[in-house]
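A short worksheet on the structure shown next.
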Amino acid sequence: MKIVLAQLNYHVGNFDSNKQKIVSAIQQAERQSADLIVFSELCISGYPPQDFLEFDDFIQQCEKSLNDIAPYTTKVAALIGCPRKNPVIEGKDLFNSAFFLYEGVVKQIVDKTLLPNYDIFDEYRYFEPGNVFNVIRFKGKKLAVTICEDIWNIGNDNPLYTICPMDELMKQQPDLMINLSASPFSYEQYEDRIHVIRTNAIRYHLPMVYVNQIGAQTQLIFEGGSVVMNEKGEVMEQLDFFNEEVHLVDFPFSQKSAINIQHSKIAMIHDALVLGIRDYFKKLGFQRAILGLSGGIDSAVVLCLAAEALGKENMMSLLLPSSFSTGHSLDDAKQLSENLQIKFEVLPIENNYQSLLGTLHPYFKDLPFSVAEENLQARVRGVLLMAFSNKFGYILLNTTNKSEAAVGYGTLYGDMCGGIAVLGDVYKTQVYELAEYINRDQEIIPRNIITKAPSAELRPDQKDSDSLPEYPVLDRILLQYIEKRRGPKELVAMGFDQVLVNRILKLVNSSEWKRNQAPPALRISPKAFGSGRRMPMEGKYLS
């Protein structure tokens with residue numbers, strides 16, 4: 001049996017585009033004399049459709065697209081992900097389903113059983129779990145088809161589930177497992193995913209075809225990485241990361257040597273962020289981006305990523321120095337813009353800043369210089385950037401990193417402005433790694449940007465370390481608290497100073513209200529700020 005893996009980039013609610021991609025892939029599979037083509041989870045609607053699923057018209061358009069695609073499956077069978085209406089009154093209105101189309105009609109339907117309800121996933125909000133388990137008989141083979149999270153429940157070990165689809169399907173002695181997936185990227189996810197697929201292949205002693213989508217949907221980024229694995233848990237085929245690919249394999253799989261591809265974590269983060277920027281702009285119909293280029297490492301890295309994603313001709317930077325900005329920061333920002341051949345303008349903010357101070361003087365009087373004056377500068381910059389955005393059609397990129405966002409080291413309506421937070425899920429120490437990766441072949445980011453002490457430059461001789469622990473220390477604590485969900489007592493037991501732990505956790509918890517007003521962040525970690533981390537704004541959690 002010749003099977004095609006269709007690893008494609010879908011757009012939620014863009015039925016014409018999604019349908020065109022699916023039909024084109026089916027036609028390509030037909031030209032390759034394939035028997036079956038496998039698409040990813042909910043490819044008809046795009047993933048995740050969220051509350052679009054609550055609109056009858058949206059479901060009707062899904063059904064129409066499926067019916068429009070069916071005539072193209074006269075020679076090649078297709079497994080296609082699509083929501084479907086629950087035909088009975090009881091339970092949720094919809095199933096998350098895989099449709100098996102052949103000879104121009106729907107031959108069989110598989111419903112997703114194990115609906116994820118954690119982190120970014122909320123499928124119990126919309127779908128009824130499937131409870132019918134039948135293999136698909138095709139070309140003399142029996143196919144055990146599951147959908148995304150089904151592969152994560154290995155056996156009946158998870159107390160949340162009483163039924164494991166593969167345990168049920170094994171009673172019918174299948175020849176091959178096929179999994180339709182929409183599994184988002186994180187820098188830990190790929191290795192975990194391969195481990196789970198391997199565990200299933202070995203447990204059931206069956207080969208597996210795993211098809212994941214690529215692309216970004218606001219915060220979520222899907223890397224693809226679709227896999228063909230034999231019954232020994234060896235990877236026989238590996239599709240590209242972050243690229244669309246339609247790939248033919250022969251089943252039974254050949255006995256060629258298994259592949260073992262090593263993946264650089266920072267390279268994958270880089271590629272994920274580039275794809276996240278590109279799809280955010282493309283799918284929203286935007287083209288050009290602007291940002292404030294300070295001469296610091298965060299804005300430098302964002303400019304490089306955005307230039308790669310959108311093209312240098314679609315980028316602009318504003319250099320917005322104040323009296324506290326150092327000369328070398330301005331020079332570094334100019335040099336970076338010139339290295340990338342990106343147009344820039346220098347707009348000194350001192351006159352605007354002094355004008356606002358004059359307006360406020362009757363009220364501030366002779367009170368000492370404080371965060372109020374610092375934030376005023378950031379907000380002047382935000383106003384000027386948004387003015388360029390409105391007048392010339394640029395979308396402002398936010399340059400705040402995850403370390404700063406975690407502890408509230410940013411100014412609302414100032415440097416926290418923007419349509420998308422490119423580094424909002426990237427710790428400061430990872431930003432430095434990205435800078436080194438960008439410079440891997442030649443110096444694009446001036447070396448001084450990477451080596452100088454980080455500073456907001458909002459007061460004389462300011463350094464980030466005046467207000468925060470050194471970033472390597474801060475990031476280690478933040479990682480344990482945010483991603484690993486280790487509480488204050490556990491952190492102290494790990495050797496961190498209790499006073500420091502309490503101080504950092506207080507900053508994190510008391511900044512929740514601020515993060516709720518921040519732009520969405522491209523997700524590259526196992527636990528990002530946003531929909532996957534739901535914390536009370538008024539919460540207090542200290543030892």
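How things are named: the first chain in the structure tokens is A, the next is B, and so on; residues count from 1 in each chain; ligands count from 1 in the order shown.
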Non-local contacts of Glu373 of chain A (8 Å; only C-alpha atoms; under 4 positions in same chain excluded) as a list in words: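 Using only C-alpha atoms, the neighbours found are Leu357, Phe369 and Gln377 of chain A.
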Could those residues be written to a file, using all heavy atoms, as a compact mmCIF listing (two decimals), in the first residue's frame?
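File written: again29.txt
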# COMPACT_ATOMS: atom_id res chain seq x y z
N LEU A 357 6.85 66.49 31.31
CA LEU A 357 7.30 66.82 32.67
C LEU A 357 6.85 68.21 33.06
O LEU A 357 6.46 68.45 34.22
CB LEU A 357 8.83 66.71 32.76
CG LEU A 357 9.42 65.30 32.73
CD1 LEU A 357 10.95 65.39 32.79
CD2 LEU A 357 8.90 64.46 33.89
N PHE A 369 12.86 61.82 41.51
CA PHE A 369 12.74 61.05 40.27
C PHE A 369 12.40 59.60 40.63
O PHE A 369 13.00 59.02 41.53
CB PHE A 369 14.08 61.11 39.54
CG PHE A 369 14.06 60.48 38.17
CD1 PHE A 369 13.87 61.25 37.04
CD2 PHE A 369 14.27 59.11 38.00
CE1 PHE A 369 13.89 60.68 35.77
CE2 PHE A 369 14.27 58.53 36.76
CZ PHE A 369 14.09 59.31 35.63
N GLN A 377 8.89 57.98 29.64
CA GLN A 377 9.72 57.85 28.45
C GLN A 377 9.25 56.66 27.60
O GLN A 377 9.15 56.76 26.37
CB GLN A 377 11.18 57.64 28.84
CG GLN A 377 11.77 58.80 29.62
CD GLN A 377 13.09 58.40 30.25
OE1 GLN A 377 14.06 58.12 29.55
NE2 GLN A 377 13.12 58.33 31.58
Neighbours of Ile342 of chain A within 9 Å (only C-alpha atoms; same-chain residues fewer than 5 positions away dropped), as a PDB file with C-alpha atoms, in the first residue's frame?
ATOM      1  CA  ALA A 307      13.298  40.533   8.732  1.00  0.00           C
ATOM      2  CA  LYS A 312      13.712  43.468   4.853  1.00  0.00           C
ATOM      3  CA  GLU A 313      11.583  45.557   2.491  1.00  0.00           C
ATOM      4  CA  ASN A 314       8.615  45.156   4.855  1.00  0.00           C
ATOM      5  CA  MET A 315      10.467  46.227   7.990  1.00  0.00           C
ATOM      6  CA  MET A 316      11.123  49.582   9.630  1.00  0.00           C
ATOM      7  CA  SER A 317      12.757  50.509  12.925  1.00  0.00           C
ATOM      8  CA  LEU A 336      22.226  46.586  13.013  1.00  0.00           C
ATOM      9  CA  SER A 337      19.705  48.313  10.735  1.00  0.00           C
TER      10      SER A 337
END
One number please: atom CA of Arg278 of chain A to atom CA of Ala306 of chain A, in Å, one decimal.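 Taking atom CA of Arg278 of chain A and atom CA of Ala306 of chain A, their separation equals 7.8 Å.
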In terms of only C-alpha atoms, the residue from A:Asp475, A:Glu350, A:Asp425, A:Glu538 at minimal distance from Pro321 of chain A is A:Glu350
With distances taken over only C-alpha atoms, which of A:Thr399, A:Ser183, A:Ser97, A:Gln61 is nearest to Leu522 of chain A? A:Thr399
Near Ala521 of chain A, counting only C-alpha atoms, which residues have an atom at most 7 Å away, once you skip same-chain residues fewer than 2 positions from it, shown as a compact mmCIF listing (two decimals) with all heavy atoms, in the first residue's frame?
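Generated output (result.txt):
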# COMPACT_ATOMS: atom_id res chain seq x y z
N GLN A 219 -0.85 32.43 18.95
CA GLN A 219 0.20 31.99 19.86
C GLN A 219 0.75 30.61 19.52
O GLN A 219 1.93 30.34 19.75
CB GLN A 219 -0.34 31.98 21.29
CG GLN A 219 -0.71 33.35 21.83
CD GLN A 219 -1.64 33.25 23.02
OE1 GLN A 219 -2.80 32.92 22.89
NE2 GLN A 219 -1.12 33.55 24.19
N ILE A 420 1.89 41.49 18.53
CA ILE A 420 2.32 40.15 18.91
C ILE A 420 3.63 40.27 19.67
O ILE A 420 4.50 41.07 19.31
CB ILE A 420 2.49 39.23 17.66
CG1 ILE A 420 2.70 37.76 18.04
CG2 ILE A 420 3.58 39.72 16.74
CD1 ILE A 420 1.44 37.04 18.42
N ALA A 421 3.77 39.50 20.76
CA ALA A 421 5.00 39.50 21.55
C ALA A 421 5.89 38.38 21.03
O ALA A 421 5.68 37.21 21.34
CB ALA A 421 4.69 39.31 23.03
N VAL A 422 6.88 38.75 20.25
CA VAL A 422 7.72 37.76 19.58
C VAL A 422 8.52 36.95 20.60
O VAL A 422 8.67 35.73 20.47
CB VAL A 422 8.66 38.45 18.58
CG1 VAL A 422 9.62 37.44 17.96
CG2 VAL A 422 7.85 39.14 17.49
N LEU A 423 9.04 37.61 21.65
CA LEU A 423 9.88 36.94 22.64
C LEU A 423 9.16 36.71 23.96
O LEU A 423 9.79 36.41 24.97
CB LEU A 423 11.15 37.77 22.90
CG LEU A 423 12.05 38.03 21.70
CD1 LEU A 423 13.22 38.92 22.10
CD2 LEU A 423 12.55 36.73 21.08
N GLY A 424 7.85 36.82 23.96
CA GLY A 424 7.09 36.74 25.20
C GLY A 424 7.16 35.39 25.89
O GLY A 424 6.78 35.27 27.06
N ASP A 425 7.65 34.36 25.18
CA ASP A 425 7.82 33.03 25.79
C ASP A 425 9.29 32.60 25.74
O ASP A 425 9.59 31.42 25.82
CB ASP A 425 6.93 32.00 25.08
CG ASP A 425 6.75 30.73 25.89
OD1 ASP A 425 6.78 30.80 27.14
OD2 ASP A 425 6.56 29.66 25.28
N PRO A 519 0.16 41.86 24.76
CA PRO A 519 -0.20 41.17 23.51
C PRO A 519 0.07 39.67 23.61
O PRO A 519 0.85 39.24 24.46
CB PRO A 519 0.72 41.83 22.47
CG PRO A 519 1.86 42.37 23.25
CD PRO A 519 1.31 42.76 24.59
N ARG A 523 4.21 30.95 21.35
CA ARG A 523 4.47 29.91 22.34
C ARG A 523 5.56 28.96 21.85
O ARG A 523 5.39 28.30 20.82
CB ARG A 523 3.18 29.14 22.61
CG ARG A 523 3.29 27.99 23.60
CD ARG A 523 1.95 27.27 23.67
NE ARG A 523 1.94 26.18 24.64
CZ ARG A 523 2.28 24.92 24.36
NH1 ARG A 523 2.70 24.61 23.14
NH2 ARG A 523 2.21 23.98 25.28
As an MDAnalysis selection string, list the residues of segment 93-202 of chain A assigned to strand (DSSP E or B) by DSSP on the backbone atoms of this structure. chainID A and resid 94:102 105:111 127 136:138 141:147 176:180
